[in-house]
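Q: A single structure is presented below for examination.
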Amino acid sequence: MPHPYVLLSAAVSLDGYLDDTGPERLLLSSPADFDRVDEVRASVDAILIGAGTVRADNPRLLVNSPGRRAARTAAGLPEYPLKVTVSGSGDLDPAAQFWHTGGEKVLYTTGKGAERARALGLATEAAEATGATEVVPLGADLDWRRLLTHLHDVRGVRRLMVEGGGLIHTQLLTQGLADELQLVLAPLFVGDPEAPRLFGPGGYQSGRLRLLETRRIEDVVLMRYEPTAPGTGPLPVAADHHWLALACQLAAQCPPSDTAFSVGAVVVAADGTELARGHSREGGDPVVHAEEAALAKTGPDDPRLAGATVYSSLEPCARRASRPAPCARLILDAGVRRVVTAWREPDTFVAAADGSGVLAAGGVEVVVLPEHEERAKTPNRHLLG
């Protein structure tokens with residue numbers, strides 16, 4: 001299901017701590033970086049923090065700049081982004097600043113947590129009816145995918161900023177749901193083993209994250225990263241969306257044709273290394289397909305193919321007249337066992353095409369991400385009527 005773009009934001013000491021154990025919050029960022037955070041807040045639809053952060057820091061989570069708030073309202077947006085918190089127990093202080101500043105708020109919790117939250121007066125039925133505060137029970141347990149889907153589909157959130165704490169960041173990263181990490185490194189040490197750390201133990205995805213930006217801001221350094229490792233099963237991870245978006249960009253580079261689709265493809269190893277990319281009619285070959293062009297650039301004995309994912313803007317073909325083997329067969333022969341695509345092949349040129357069925361019958365996990373379908377269709381509009 002579609003999710004918002006999830007941006008994790010945190011500042012840490014040189015030894016990886018979010019805070020110390022003193023009574024006051026340890027200020028890790030510089031004044032200029034606090035202003036940068038305010039700018040990021042103004043650019044998103046919602047800001048999320050965990051219940052532990054509400055209890056420990058009592059934050060307001062506001063856009064502080066009047067100019068940025070004015071720009072939001074001028075663009076038809078609420079003055080403040082939606083404020084979101086997560087608590088399995090629903091046991092939060094009704095006097096916390098979170099509830100009494102800014103605009104609308106949402107608490108995601110369990111069924112029992114919702115009862116507790118309402119008993120505490122965190123949200124009355126009248127308040128929920130006006131949209132001031134909403135309590136959303138997710139069932140017996142907290143489910144991040146369900147939470148993100150609700151934010152996207154019901155609350156219209158397209159960009160979500162997550163400001164902590166460490167447990168929330170760890171859960172989103174280990175479940176492959178974080179699209180970007182904005183990490184600020186502060187020039188000091190904490191050294192207290194009882195202090196909270198940014199990331200805890202967990203089953204993190206393999207491979208290296210891609211560095212998007214480094215920036216010096218007074219005496220701190222901002223580093224922006226995005227994950228690159230593909231998922232391993234039917235549930236998509238954030239990197240799957242990044243790679244499929246690239247495949248759709250490659251489709252737009254295809255020489256136009258009235259007799260064949262424009263398709264882009266990328267082959268990515270399990271650790272997030274890009275092995276090859278290709279697009280339809282690449283290199284002046286009028287009949288080469290995207291997956292064919294990409295796989296031709298990989299070594300047939302490359303052991304990484306067995307754990308790789310092929311991203312294709314259009315479902316790999318099951319039948320074709322221009323080559324002996326269709327792309328679904330080429331993928332099977334290469335030993336690839338996972339394919340992510342945006343769009344099932346229509347009957348424009350081949351009736352009842354079912355490349356996904358051929359792949360699945362051969363033991364390949366096929367994941368379709370329909371939220372990318374329109375981008376995949378754009379260079380093919382002239383073929384679709």
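Within each chain, counting starts at residue 1; across the structure tokens, chains are named A, B, ... in the order shown, with ligands numbered 1 upward in that order.
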Return as number ranges by chain the full set of residues in range 143-366 of chain A whose backbone-based DSSP assignment is strand (DSSP E).

A: A: 159-162, 180-185, 210-217, 220-226, 264-268, 274-279, 309-312, 338-341, 365-366

Q: From a DSSP calculation on the backbone, collect every residue of range 177-367 of chain A in alpha helix (DSSP H) and output the set as a ChimeraX atom specification.

A: /A:238-251,290-295,327-334,355-361

Q: List as a PyMOL selection string the protein and nucleic acid residues near range 33-45 of chain A, meaning an atom at most 8 Å away when only C-alpha atoms are counted, but skip any in the same chain fewer than 2 places from it.

A: chain A and resi 29-31+47+62-65+68-69+72+80-82+157-161+217-218+220

Q: Can you pull out the residues contacting Gly166 in chain A? Cut-off 10 Å, using only C-alpha atoms, and skip same-chain residues under 3 positions away; I want them as a list in words.

A: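 In the requested format, the answer is Ala10, Tyr17, Leu18, Ile49, Gly50, Gly52, Thr53, Glu163, His169, Thr170, Gln171, Pro196, Arg197, Leu198, Phe199 and Gly200 of chain A.
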
Q: Restricting it to C-alpha atoms, dump the selection as a PDB file, in the first residue's frame.

A:
ATOM      1  CA  ALA A  10      18.251  13.171  14.569  1.00  0.00           C
ATOM      2  CA  TYR A  17      24.112   9.362  21.948  1.00  0.00           C
ATOM      3  CA  LEU A  18      20.866  11.300  21.583  1.00  0.00           C
ATOM      4  CA  ILE A  49       7.624  11.366  17.646  1.00  0.00           C
ATOM      5  CA  GLY A  50       7.327   8.398  19.965  1.00  0.00           C
ATOM      6  CA  GLY A  52       9.017   8.235  25.061  1.00  0.00           C
ATOM      7  CA  THR A  53      10.048  11.521  23.470  1.00  0.00           C
ATOM      8  CA  GLU A 163      12.102  13.175  15.100  1.00  0.00           C
ATOM      9  CA  HIS A 169      14.148   5.208  14.297  1.00  0.00           C
ATOM     10  CA  THR A 170      15.392   1.652  14.833  1.00  0.00           C
ATOM     11  CA  GLN A 171      12.001   0.107  14.075  1.00  0.00           C
ATOM     12  CA  PRO A 196      19.804   6.924  25.120  1.00  0.00           C
ATOM     13  CA  ARG A 197      21.477   5.987  21.863  1.00  0.00           C
ATOM     14  CA  LEU A 198      20.192   6.703  18.364  1.00  0.00           C
ATOM     15  CA  PHE A 199      20.031   3.112  17.106  1.00  0.00           C
ATOM     16  CA  GLY A 200      19.569  -0.113  19.005  1.00  0.00           C
TER      17      GLY A 200
END

Q: Skipping near chain neighbours, those fewer than 3 positions away, what residues fall within 10 Å of Gly233 in chain A using only C-alpha atoms, listed as a PyMOL selection string?

A: chain A and resi 230+236-237+337-339+364-367

Q: Using only C-alpha atoms, which protein or nucleic acid residues come within 6 Å of Val84 in chain A? Drop anything in the same chain fewer than 4 positions from it, and give the result as a CSV table (one decimal) with N, CA, C and O atoms, in the first residue's frame.

A:
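Ended up saving to out.csv:
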chain,number,residue,atom,x,y,z
A,47,ILE,N,4.7,15.5,11.4
A,47,ILE,CA,5.9,15.3,12.2
A,47,ILE,C,5.5,14.2,13.2
A,47,ILE,O,4.5,14.4,13.9
A,48,LEU,N,6.4,13.2,13.4
A,48,LEU,CA,6.0,12.1,14.3
A,48,LEU,C,7.1,12.0,15.3
A,48,LEU,O,8.3,12.0,15.0
A,105,LYS,N,-3.6,16.9,15.8
A,105,LYS,CA,-2.8,15.9,16.4
A,105,LYS,C,-3.5,14.5,16.1
A,105,LYS,O,-4.7,14.4,16.1
A,106,VAL,N,-2.6,13.5,16.0
A,106,VAL,CA,-3.1,12.1,15.9
A,106,VAL,C,-2.3,11.2,16.9
A,106,VAL,O,-1.0,11.4,16.9
A,107,LEU,N,-2.9,10.4,17.6
A,107,LEU,CA,-2.3,9.4,18.4
A,107,LEU,C,-2.6,8.0,17.9
A,107,LEU,O,-3.8,7.6,17.7

Q: Give one line per residue of range 169-255 of chain A that approaches range 297-318 of chain A to at most 6 Å, naming the two atoms of the closest pair and their distance in Å to one decimal, counting only C-alpha atoms; sort by chain then ascending residue number and deliver it as CSV.

A:
residue,atom,partner,partner_atom,distance
A:Leu244,CA,A:Tyr311,CA,5.5
A:Ala247,CA,A:Ser313,CA,5.5
A:Cys248,CA,A:Ser313,CA,5.2

Q: Tell me, as a list in words, which residues lie within 8 Å of Asp240 in chain A, counting only C-alpha atoms; anything in the same chain fewer than 5 positions away does not count.

A: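 My list of contacting residues is Ala229, Pro230, Gly231 and Val340 of chain A.
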
Q: In Å to one decimal, how far is CA of Asp354 in chain A from CA of Ile331 in chain A?

A: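 Interatomic distance here is 14.3 Å.
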